[in-house]
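This report concerns only the one structure given below.
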Amino acid sequence: MKEEIMRIIDALRPGLAAEGGDLQLVQLDEEGAVTVGMSGLCGTCHATLWMHRLRIERAFKERLPGLRVAVQVV
């Protein structure tokens with residue numbers, strides 16, 4: 001599962017990098033919950049943060065439907 005999670009993160013990185021951001025795996029627990037962290041994005045632009053957060057959550061749910069995902073701004 002971790003390999004697929006890393007593939008999803010790698011696929012999302014170019015879009016985040018275009019706006020100065022990055023995405024990293026923070027935690028993967030044995031119950032199938034993953035936490036990823038967004039960094040480097042403009043912390044004052046809530047619309048951008050939410051747009052990326054929704055895009056990240058959707059990408060995980062489409063490729064790993066049973067996975068619980070939490071996105072943190074780090």
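Residue numbering restarts at 1 for every chain of the structure tokens, chains are lettered A, B, ... in their displayed order, and ligands are numbered from 1 as they appear.
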
Discussion item. List the spatial neighbours of A:Asp29 as a ChimeraX atom specification - criterion: any atom at most 12 Å away, only C-alpha atoms, same-chain residues fewer than 5 positions off excluded.
Written reply: /A:1-2,34-36,67-70

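Between A:Cys45 and the residues A:Ala33, A:Glu19, A:Met6, A:Arg63, the shortest atom-to-atom distance, using only C-alpha atoms, involves A:Glu19.
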
Practice prompt. Write down as a ChimeraX atom specification the residues belonging to chain A that are assigned helix (DSSP H, G or I) by DSSP computed on the backbone.
Written response: /A:2-17,46-63

Only C-alpha atoms, please: the residues just picked out, written as a PDB file, in the first residue's frame.
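Result file part_14.pdb:
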ATOM      1  CA  LYS A   2       2.826   2.401   0.800  1.00  0.00           C
ATOM      2  CA  GLU A   3       4.133   2.140  -2.770  1.00  0.00           C
ATOM      3  CA  GLU A   4       0.737   3.155  -4.186  1.00  0.00           C
ATOM      4  CA  ILE A   5       0.519   6.049  -1.720  1.00  0.00           C
ATOM      5  CA  MET A   6       3.933   7.273  -2.850  1.00  0.00           C
ATOM      6  CA  ARG A   7       2.859   7.012  -6.510  1.00  0.00           C
ATOM      7  CA  ILE A   8      -0.179   9.192  -5.753  1.00  0.00           C
ATOM      8  CA  ILE A   9       1.986  11.726  -3.916  1.00  0.00           C
ATOM      9  CA  ASP A  10       4.496  11.791  -6.787  1.00  0.00           C
ATOM     10  CA  ALA A  11       1.674  12.333  -9.293  1.00  0.00           C
ATOM     11  CA  LEU A  12       0.328  15.293  -7.274  1.00  0.00           C
ATOM     12  CA  ARG A  13       3.700  16.960  -6.664  1.00  0.00           C
ATOM     13  CA  PRO A  14       4.086  18.769 -10.023  1.00  0.00           C
ATOM     14  CA  GLY A  15       0.794  20.633  -9.555  1.00  0.00           C
ATOM     15  CA  LEU A  16       1.744  21.679  -6.050  1.00  0.00           C
ATOM     16  CA  ALA A  17       5.293  22.578  -7.092  1.00  0.00           C
ATOM     17  CA  HIS A  46      -7.280  29.756   2.050  1.00  0.00           C
ATOM     18  CA  ALA A  47      -8.896  29.199  -1.347  1.00  0.00           C
ATOM     19  CA  THR A  48      -5.670  27.735  -2.739  1.00  0.00           C
ATOM     20  CA  LEU A  49      -5.149  25.556   0.324  1.00  0.00           C
ATOM     21  CA  TRP A  50      -8.693  24.158   0.138  1.00  0.00           C
ATOM     22  CA  MET A  51      -8.487  23.615  -3.617  1.00  0.00           C
ATOM     23  CA  HIS A  52      -5.298  21.577  -3.225  1.00  0.00           C
ATOM     24  CA  ARG A  53      -6.618  19.750  -0.171  1.00  0.00           C
ATOM     25  CA  LEU A  54      -9.747  18.636  -2.020  1.00  0.00           C
ATOM     26  CA  ARG A  55      -7.690  17.599  -5.049  1.00  0.00           C
ATOM     27  CA  ILE A  56      -5.371  15.518  -2.831  1.00  0.00           C
ATOM     28  CA  GLU A  57      -8.258  13.832  -1.003  1.00  0.00           C
ATOM     29  CA  ARG A  58     -10.032  13.063  -4.286  1.00  0.00           C
ATOM     30  CA  ALA A  59      -6.891  11.523  -5.820  1.00  0.00           C
ATOM     31  CA  PHE A  60      -6.468   9.192  -2.854  1.00  0.00           C
ATOM     32  CA  LYS A  61     -10.144   8.203  -2.747  1.00  0.00           C
ATOM     33  CA  GLU A  62     -10.208   7.457  -6.486  1.00  0.00           C
ATOM     34  CA  ARG A  63      -7.151   5.199  -6.393  1.00  0.00           C
TER      35      ARG A  63
END

Practice prompt. For atom CA of A:Gly40 and atom CA of A:Asp22, determine how far apart the two atoms are, in Å to one decimal place.
Written response: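 These two atoms are separated by 6.2 Å.
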
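On the backbone of this structure, DSSP gives strand (DSSP E) within chain A to Asp22, Leu23, Gln24, Leu25, Val26, Gln27, Leu28, Ala33, Val34, Thr35, Val36, Gly37, Met38, Ser39, Arg68, Val69, Ala70, Val71, Gln72 and Val73 of chain A.
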
Writer output for current selection, N, CA and C atoms, as a PDB file, in the first residue's frame:
ATOM      1  N   ASP A  22       4.687  21.508  -1.797  1.00  0.00           N
ATOM      2  CA  ASP A  22       5.140  20.126  -1.825  1.00  0.00           C
ATOM      3  C   ASP A  22       4.187  19.285  -0.982  1.00  0.00           C
ATOM      4  N   LEU A  23       4.311  17.987  -1.121  1.00  0.00           N
ATOM      5  CA  LEU A  23       3.463  17.039  -0.417  1.00  0.00           C
ATOM      6  C   LEU A  23       4.341  15.903   0.073  1.00  0.00           C
ATOM      7  N   GLN A  24       4.155  15.512   1.324  1.00  0.00           N
ATOM      8  CA  GLN A  24       4.939  14.410   1.871  1.00  0.00           C
ATOM      9  C   GLN A  24       4.058  13.513   2.715  1.00  0.00           C
ATOM     10  N   LEU A  25       4.484  12.255   2.803  1.00  0.00           N
ATOM     11  CA  LEU A  25       3.811  11.293   3.661  1.00  0.00           C
ATOM     12  C   LEU A  25       4.225  11.568   5.096  1.00  0.00           C
ATOM     13  N   VAL A  26       3.244  11.779   5.973  1.00  0.00           N
ATOM     14  CA  VAL A  26       3.514  12.029   7.384  1.00  0.00           C
ATOM     15  C   VAL A  26       3.367  10.739   8.176  1.00  0.00           C
ATOM     16  N   GLN A  27       2.273  10.011   7.916  1.00  0.00           N
ATOM     17  CA  GLN A  27       2.027   8.794   8.690  1.00  0.00           C
ATOM     18  C   GLN A  27       1.125   7.849   7.912  1.00  0.00           C
ATOM     19  N   LEU A  28       1.395   6.578   8.059  1.00  0.00           N
ATOM     20  CA  LEU A  28       0.540   5.517   7.550  1.00  0.00           C
ATOM     21  C   LEU A  28       0.389   4.524   8.689  1.00  0.00           C
ATOM     22  N   ALA A  33      -5.128   4.265   7.625  1.00  0.00           N
ATOM     23  CA  ALA A  33      -5.296   5.714   7.581  1.00  0.00           C
ATOM     24  C   ALA A  33      -3.958   6.345   7.221  1.00  0.00           C
ATOM     25  N   VAL A  34      -3.999   7.295   6.331  1.00  0.00           N
ATOM     26  CA  VAL A  34      -2.785   7.980   5.904  1.00  0.00           C
ATOM     27  C   VAL A  34      -2.912   9.472   6.201  1.00  0.00           C
ATOM     28  N   THR A  35      -1.814  10.055   6.619  1.00  0.00           N
ATOM     29  CA  THR A  35      -1.747  11.493   6.821  1.00  0.00           C
ATOM     30  C   THR A  35      -0.654  12.022   5.914  1.00  0.00           C
ATOM     31  N   VAL A  36      -1.003  13.018   5.108  1.00  0.00           N
ATOM     32  CA  VAL A  36      -0.022  13.673   4.248  1.00  0.00           C
ATOM     33  C   VAL A  36       0.064  15.135   4.651  1.00  0.00           C
ATOM     34  N   GLY A  37       1.205  15.731   4.411  1.00  0.00           N
ATOM     35  CA  GLY A  37       1.408  17.129   4.776  1.00  0.00           C
ATOM     36  C   GLY A  37       1.686  17.974   3.550  1.00  0.00           C
ATOM     37  N   MET A  38       0.988  19.094   3.435  1.00  0.00           N
ATOM     38  CA  MET A  38       1.246  20.079   2.391  1.00  0.00           C
ATOM     39  C   MET A  38       2.148  21.140   2.987  1.00  0.00           C
ATOM     40  N   SER A  39       3.151  21.541   2.242  1.00  0.00           N
ATOM     41  CA  SER A  39       4.032  22.588   2.727  1.00  0.00           C
ATOM     42  C   SER A  39       4.375  23.539   1.586  1.00  0.00           C
ATOM     43  N   ARG A  68      -8.525   5.985   4.541  1.00  0.00           N
ATOM     44  CA  ARG A  68      -8.890   7.243   5.195  1.00  0.00           C
ATOM     45  C   ARG A  68      -7.691   8.164   5.063  1.00  0.00           C
ATOM     46  N   VAL A  69      -7.925   9.371   4.569  1.00  0.00           N
ATOM     47  CA  VAL A  69      -6.818  10.300   4.349  1.00  0.00           C
ATOM     48  C   VAL A  69      -7.059  11.599   5.105  1.00  0.00           C
ATOM     49  N   ALA A  70      -6.013  12.102   5.705  1.00  0.00           N
ATOM     50  CA  ALA A  70      -6.053  13.401   6.369  1.00  0.00           C
ATOM     51  C   ALA A  70      -4.943  14.248   5.783  1.00  0.00           C
ATOM     52  N   VAL A  71      -5.268  15.481   5.451  1.00  0.00           N
ATOM     53  CA  VAL A  71      -4.288  16.399   4.870  1.00  0.00           C
ATOM     54  C   VAL A  71      -4.007  17.488   5.878  1.00  0.00           C
ATOM     55  N   GLN A  72      -2.743  17.662   6.192  1.00  0.00           N
ATOM     56  CA  GLN A  72      -2.324  18.699   7.139  1.00  0.00           C
ATOM     57  C   GLN A  72      -1.518  19.758   6.395  1.00  0.00           C
ATOM     58  N   VAL A  73      -1.605  20.976   6.859  1.00  0.00           N
ATOM     59  CA  VAL A  73      -0.731  22.030   6.364  1.00  0.00           C
ATOM     60  C   VAL A  73       0.428  22.108   7.342  1.00  0.00           C
TER      61      VAL A  73
END
